Amino acid sequence: MAAPKPRSSSGRSTPLRDSSESEKMEVTGSWDALDWTIEPVSRSVSRSVSRVQLECLLEAEQVEVEGYGVVLANTDEAGTLIVTNFRLLFLSEGTRNVIALGTIPLATIEKFNKIAVKNQSTPRQSDKTPSRRLLQVIGKDMRIIVFGFRPKTRQRRAVFNALLKCTKPASLWDLYAFVSGPSKFNNTNPKVRLLNEYLRLLGKGSLHASMNMIEGGSFTFSNDLWRISSINSSYTMCQSYPFALIVPKSITDDEVLQASNFRARGRLPVVTWCHPKTGAVLARSSQPLVGIMMNMRSNTDEKIVAALCAQLTGTRGKRRKLYIADARPRKNALANGAMGGGSESSSNYFQSEIVFFGIDNIHAMRESFARLRDYLDTHGAASSDGMSSFLRHGGWTWGGGNLSSMSASVSTLGDSGWLIHVQSVLAGSAWIAARVALESASVLVHCSDGWDRTTQLISLANLLLDPYYRTVTGFQALIEKDWLAFGHPFADRVGMPTVTGSCSIPSELTRQSSTGSIQSSPMRQPSASFTSQPPTSHAQNNYSPIFLQWVDCVSQLLRMYPFAFEFSSAFLVDLVDCVLSCRFGNFFCNSEKERQQCGVPEACGCMWAYLADLRASKGSSHVHYNYFYDPLKHDGPILPPAAALAPTLWPQFHLRWACPSEAQAGDVEAQFRKMDIKFSELQKEKEAAERKAKEITAVMELLSADLQNEKQASSSAMILAKRASKESEAVKRAIQSLGCKVHFSSGGDCTVDVESSQIEPPLKSSFSSRREADGAVQHDDKSDLSVSITVMADDVVSSNPIDRVCETLCPLRMRDGGCRWPDAGCAQLASQFVGLKANYEAFDKLSIYDSYFQPK
């Protein structure tokens with residue numbers, strides 16, 4: 001069940017705690033801690049409900065009665081027992097947590113008894129030792145729990161009376177599902193879902209049903225062989241059949257109506273599944289009314305049954321074979337003839353063969369279930385006895401260490417007959433599926449009324465034949481079609497209030513008691529004597545775990561074919577719990593007609609929406625999904641051989657209360673789920689590590705790119721430096737070619753010495769070149785290199801450097817500035833100097849490249 005919804009307020013409660021402070025008892029969780037000799041008190045006072053953790057209550061759940069210091073005998077745990085309008089709630093005394101074993105929905109309780117246990121007295125003890133006051137609660141979900149109350153108080157009586165009131169509501173509308181309403185689990189009309197499934201079976205899945213289509217009567221679609229009939233749209237022909245029926249296309253509605261008179265309760269043969277390729281069908285009905293002499297016939301009934309054997313595909317006029325599967329033992333079918341029923345005669349139905357499966361009736365199933373429940377409680381690890389369980393206090397001396405006792409206990413499980421009944425249903429369903437899949441034959445299935453054993457066989461055969469029904473969505477459609485729409489009486493079989501006649505006249509709840517009680521095994525009472533009061537009994541005895549038995553069969557198939565089902569065993573357990581708890585309205589009443597007339601779909605929440613909401617919380621990793629599901633591995637029918645149909649206990653359901661530690665111990669899916677969770681955690685860690693590695697790699701790539709850019713910048717600087725060096729050397733060689741010596745200093749200044757062998761005082765010339773600190777030549781907007789050469793004497797400052805050179809070097813220089821020897825070398829030198837100066841003045845506008853000075 002879902003996590004309880006928090007509540008801020010509480011309902012009214014009945015005071016049960018004594019007022020005397022000296023008599024208050026704080027129980028620490030031991031059966032022996034109860035003070036069984038407490039003095040009686042004359043009055044009680046109310047205790048505030050706020051002291052109880054009400055966060056565990058569901059929406060609209062109200063507290064009726066509270067009991068304190070109650071001991072759960074199965075586990076020797078003390079706590080608070082609360083009766084609400086929905087369930088019996090047991091909270092731990094220490095932690096205030098909900099104890100699952102002691103918490104059971106009221107509708108899941110099959111019966112409850114007040115039991116007095118007289119303590120064994122020793123010679124030193126007085127015979128007036130009070131008896132232990134116990135309350136035994138037997139559930140429809142395989143559990144038997146016992147609560148112990150303090151003697152000479154009114155707690156047990158108050159809880160018992162509250163259970164009588166709450167488990168026996170006066171009408172259907174008093175159930176918790178109507179009080180809580182649909183809440184967030186709104187329900188769509190089941191008619192729409194049924195019609196959509198019919199359209200899928202007829203190969204018209206592209207169409208979508210709607211309420212307008214249903215109310216307008218425009219849903220009578222058909223294919224080449226079958227059609228949807230609206231003859232029962234007002235439920236006048238058959239009150240337990242759905243509003244729409246699939247019948248042979250060649251049969252008219254008048255013939256359908258006439259044929260219904262020949263079958264018990266008007267449940268005539270109709271199609272529930274058809275093979276999309278071969279045309280073979282599965283049909284269902286109730287027993288024929290052949291009379292005491294077994295000689296009554298119906299032409300229209302025989303015509304409809306013959307129409308189920310449509311012509312084989314690809315053959316000329318050859319008709320397929322028809323099998324009539326009677327789920328009852330042959331003797332039971334003959335006995336029903338005394339009441340007008342019976343079975344068909346193969347001579348009256350063309351090309352037919354009648355097979356009896358020998359499955360027992362609902363009463364045998366109820367008694368078998370009770371024996372199985374009693375066996376599991378007796379030999380489990382959490383016995384309701386609380387004192388004589390073989391395992392709880394005997395350790396590994398199981399059964400007293402006596403081999404014969406061990407063998408006897410095992411044989412008791414076989415004596416319950418439950419597994420034999422499960423095997424019979426499985427074998428019959430496998431046989432039906434094999435006839436359809438291997439022989440392309442049609443099969444008509446019925447029992448007495450056609451709503452118990454018939455539903456089990458038909459729905460299991462559908463599950464084996466059609467992979468769609470092995471998905472979560474298809475499984476829902478299968479249950480709604482074959483169980484709900486075709487009138488399995490859930491109100492009678494589960495034990496809910498029934499609706500008779502008009503919905504405005506509520507009827508009292510009819511509930512039943514099952515066989516088996518805490519006194520059934522004398523080995524369970526070695527230390528105490530149990531005196532049981534008469535159990536709660538009810539008028540009718542139609543309760544039977546038919547649906548639970550069918551789900552058990554599904555779990556057996558899931559065990560045999562773990563890859564074929566999308567849903568898991570945990571989903572089946574939650575499904576059964578929801579049905580038994582009556583928290584939702586899907587399984588109320590006995591037919592589709594009753595649910596529609598009472599407005600159940602609109603007034604109550606939808607179980608399918610609730611389960612879907614649970615799965616949505618975790619997606620595909622939810623426990624409802626089967627980890628091993630492989631739709632491609634079993635994309636067709638699965639046909640188990642007879643040798644494989646050996647059922648075992650369903651641990652997740654049968655052992656969860658009696659042997660909780662063993663319920664999941666051998667579940668391969670549970671082990672795989674744990675491994676998958678661990679793998680998911682490791683996968684997340686791996687993904688986180690990969691993301692971190694990618695981040696580090698990205699950072700390293702950025703650093704590498706920056707380093708590469710730095711290298712390129714450094715290389716460019718080196719190239720520029722080398723180019724500047726070459727330019728400097730070229731300039732130096734150009735100046736030296738004029739007879740000058742060039743000296744470069746580390747600061748970037750250049751000194752040019754112009755020497756002559758004829759002149760003593762040397763001429764010093766200064767050459768400056770501005771450079772950047774990194775060695776690259778500084779540029780401006782007009783040139784690549786700016787060079788200036790200055791030549792001056794040490795003692796004379798002249799504005800004309802050429803005159804200074806001539807005056808210094810040439811003795812033939814005249815005073816007026818002329819030269820006495822115009823053709824002399826000095827004049828040529830002056831001319832060259834003037835040209836050199838002119839060229840260097842042009843350097844501001846020109847770029848100097850190495851190619852200018854490279855030798856050709």
# chains A, B, ... in the order shown; residues from 1 in each chain; ligands from 1
$ select_by_dssp --residues "range 540-746 of chain A" --states "helix (DSSP H, G or I)" --output "PyMOL selection string"
chain A and resi 546-560+569-581+592-597+600-603+607-616+619-621+642-644+651-654+660-663+668-736
$ write_last_selection --atoms "C-alpha atoms" --output "tab-separated table (two decimals), in the first residue's frame"
chain	number	residue	atom	x	y	z
A	546	ILE	CA	-11.32	-17.70	-6.39
A	547	PHE	CA	-9.59	-14.53	-7.62
A	548	LEU	CA	-6.70	-15.02	-5.18
A	549	GLN	CA	-6.27	-18.58	-6.50
A	550	TRP	CA	-6.14	-17.27	-10.05
A	551	VAL	CA	-3.44	-14.73	-9.14
A	552	ASP	CA	-1.56	-17.61	-7.50
A	553	CYS	CA	-1.71	-19.43	-10.87
A	554	VAL	CA	-0.33	-16.32	-12.59
A	555	SER	CA	2.56	-16.27	-10.09
A	556	GLN	CA	3.34	-19.89	-11.00
A	557	LEU	CA	3.53	-18.96	-14.69
A	558	LEU	CA	5.72	-15.98	-13.79
A	559	ARG	CA	8.05	-18.35	-11.95
A	560	MET	CA	8.22	-20.70	-14.97
A	569	SER	CA	5.41	-10.83	-8.26
A	570	ALA	CA	5.35	-7.71	-6.06
A	571	PHE	CA	2.77	-6.22	-8.42
A	572	LEU	CA	0.57	-9.28	-7.97
A	573	VAL	CA	0.83	-9.02	-4.16
A	574	ASP	CA	-0.20	-5.35	-4.21
A	575	LEU	CA	-3.03	-6.20	-6.59
A	576	VAL	CA	-4.44	-8.83	-4.22
A	577	ASP	CA	-4.06	-6.50	-1.23
A	578	CYS	CA	-5.99	-3.74	-3.01
A	579	VAL	CA	-8.80	-6.13	-3.94
A	580	LEU	CA	-9.12	-7.54	-0.41
A	581	SER	CA	-8.87	-4.17	1.34
A	592	GLU	CA	-21.05	-4.39	-14.25
A	593	LYS	CA	-24.73	-3.52	-14.01
A	594	GLU	CA	-24.63	-3.08	-10.23
A	595	ARG	CA	-21.49	-0.95	-10.34
A	596	GLN	CA	-22.98	1.31	-13.01
A	597	GLN	CA	-26.32	1.70	-11.28
A	600	VAL	CA	-19.23	3.24	-8.13
A	601	PRO	CA	-16.78	4.47	-10.83
A	602	GLU	CA	-17.62	8.10	-10.06
A	603	ALA	CA	-17.92	7.83	-6.27
A	607	MET	CA	-7.21	0.99	-8.08
A	608	TRP	CA	-5.49	1.10	-11.48
A	609	ALA	CA	-4.80	4.83	-11.08
A	610	TYR	CA	-3.39	4.19	-7.61
A	611	LEU	CA	-1.04	1.45	-8.83
A	612	ALA	CA	0.00	3.58	-11.81
A	613	ASP	CA	0.80	6.43	-9.43
A	614	LEU	CA	3.02	4.10	-7.42
A	615	ARG	CA	4.91	3.04	-10.53
A	616	ALA	CA	5.27	6.64	-11.73
A	619	GLY	CA	9.57	4.75	-13.40
A	620	SER	CA	10.88	1.55	-14.94
A	621	SER	CA	12.89	0.77	-11.80
A	642	ALA	CA	2.29	-31.00	-18.32
A	643	ALA	CA	5.51	-32.00	-16.52
A	644	ALA	CA	6.31	-28.34	-15.88
A	651	PRO	CA	6.65	-17.17	-1.12
A	652	GLN	CA	6.00	-13.46	-1.58
A	653	PHE	CA	2.35	-13.95	-0.62
A	654	HIS	CA	1.99	-17.19	1.32
A	660	PRO	CA	8.80	-13.02	6.71
A	661	SER	CA	12.56	-13.63	6.46
A	662	GLU	CA	12.03	-16.50	4.01
A	663	ALA	CA	9.44	-14.74	1.87
A	668	VAL	CA	15.88	-14.39	-7.75
A	669	GLU	CA	14.23	-11.19	-8.90
A	670	ALA	CA	14.73	-9.59	-5.49
A	671	GLN	CA	18.40	-10.57	-5.51
A	672	PHE	CA	18.80	-9.25	-9.02
A	673	ARG	CA	17.04	-6.05	-8.01
A	674	LYS	CA	19.55	-5.51	-5.22
A	675	MET	CA	22.40	-6.16	-7.64
A	676	ASP	CA	20.82	-3.79	-10.14
A	677	ILE	CA	20.50	-1.08	-7.50
A	678	LYS	CA	24.16	-1.53	-6.63
A	679	PHE	CA	25.04	-1.49	-10.32
A	680	SER	CA	23.03	1.73	-10.76
A	681	GLU	CA	24.93	3.34	-7.90
A	682	LEU	CA	28.25	2.29	-9.42
A	683	GLN	CA	27.05	3.48	-12.81
A	684	LYS	CA	26.25	6.90	-11.34
A	685	GLU	CA	29.68	7.04	-9.73
A	686	LYS	CA	31.23	6.07	-13.05
A	687	GLU	CA	29.30	8.78	-14.88
A	688	ALA	CA	30.35	11.34	-12.27
A	689	ALA	CA	33.99	10.27	-12.65
A	690	GLU	CA	33.68	10.47	-16.44
A	691	ARG	CA	32.21	13.96	-16.20
A	692	LYS	CA	35.07	15.04	-13.95
A	693	ALA	CA	37.60	13.50	-16.34
A	694	LYS	CA	36.00	15.37	-19.23
A	695	GLU	CA	36.22	18.62	-17.28
A	696	ILE	CA	39.89	18.01	-16.52
A	697	THR	CA	40.51	17.11	-20.16
A	698	ALA	CA	38.82	20.32	-21.29
A	699	VAL	CA	40.97	22.36	-18.90
A	700	MET	CA	44.09	20.61	-20.15
A	701	GLU	CA	43.10	21.33	-23.74
A	702	LEU	CA	42.66	25.02	-22.89
A	703	LEU	CA	46.05	25.11	-21.19
A	704	SER	CA	47.61	23.33	-24.16
A	705	ALA	CA	46.05	25.86	-26.52
A	706	ASP	CA	47.37	28.75	-24.41
A	707	LEU	CA	50.81	27.15	-24.35
A	708	GLN	CA	50.70	26.71	-28.11
A	709	ASN	CA	49.77	30.37	-28.52
A	710	GLU	CA	52.65	31.35	-26.27
A	711	LYS	CA	54.99	29.22	-28.32
A	712	GLN	CA	53.76	30.81	-31.52
A	713	ALA	CA	54.17	34.29	-30.03
A	714	SER	CA	57.67	33.42	-28.84
A	715	SER	CA	58.53	32.02	-32.27
A	716	SER	CA	57.24	35.16	-33.95
A	717	ALA	CA	59.31	37.29	-31.58
A	718	MET	CA	62.40	35.18	-32.37
A	719	ILE	CA	61.81	35.62	-36.07
A	720	LEU	CA	61.40	39.38	-35.68
A	721	ALA	CA	64.53	39.54	-33.54
A	722	LYS	CA	66.51	37.58	-36.11
A	723	ARG	CA	65.17	39.81	-38.86
A	724	ALA	CA	66.11	42.95	-36.89
A	725	SER	CA	69.57	41.52	-36.27
A	726	LYS	CA	70.03	40.85	-39.97
A	727	GLU	CA	68.88	44.38	-40.79
A	728	SER	CA	71.33	45.80	-38.26
A	729	GLU	CA	74.16	43.78	-39.76
A	730	ALA	CA	73.17	44.98	-43.24
A	731	VAL	CA	73.17	48.60	-42.12
A	732	LYS	CA	76.49	48.04	-40.42
A	733	ARG	CA	77.99	46.59	-43.56
A	734	ALA	CA	76.61	49.48	-45.60
A	735	ILE	CA	78.18	52.03	-43.31
A	736	GLN	CA	81.47	50.14	-43.11
$ residues_around --residues "Gln423 in chain A" --least-positions-apart "4" --cutoff "9 Å" --atoms "only C-alpha atoms" --output "PyMOL selection string"
chain A and resi 418-419+427-428+553+645-647
$ atom_distance --atom1 "CA of Phe149 in chain A" --atom2 "CA of Asn74 in chain A"
13.7 Å
$ atom_distance --atom1 "CA of Asp141 in chain A" --atom2 "CA of Leu101 in chain A"
11.1 Å
$ closest_residue --among "A:Ser544, A:Gln155, A:Gln287, A:Asn161" --to "Asp492 in chain A" --atoms "only C-alpha atoms"
A:Ser544
$ atom_distance --atom1 "CA of Arg193 in chain A" --atom2 "CA of Lys277 in chain A"
23.7 Å
$ residues_around --residues "Leu268 in chain A" --least-positions-apart "2" --cutoff "12 Å" --atoms "only C-alpha atoms" --output "PyMOL selection string"
chain A and resi 232+237-241+245-247+255-266+270-271+283-289+298+300-305+444-446+449-450+486
$ select_by_dssp --residues "range 175-310 of chain A" --states "strand (DSSP E)" --output "list in words"
Trp226, Arg227, Ile228, Ser229, Leu245, Ile246, Val247, Pro248, Val270, Val271, Thr272, Trp273, Cys274, Val281, Leu282, Ala283 and Arg284 of chain A
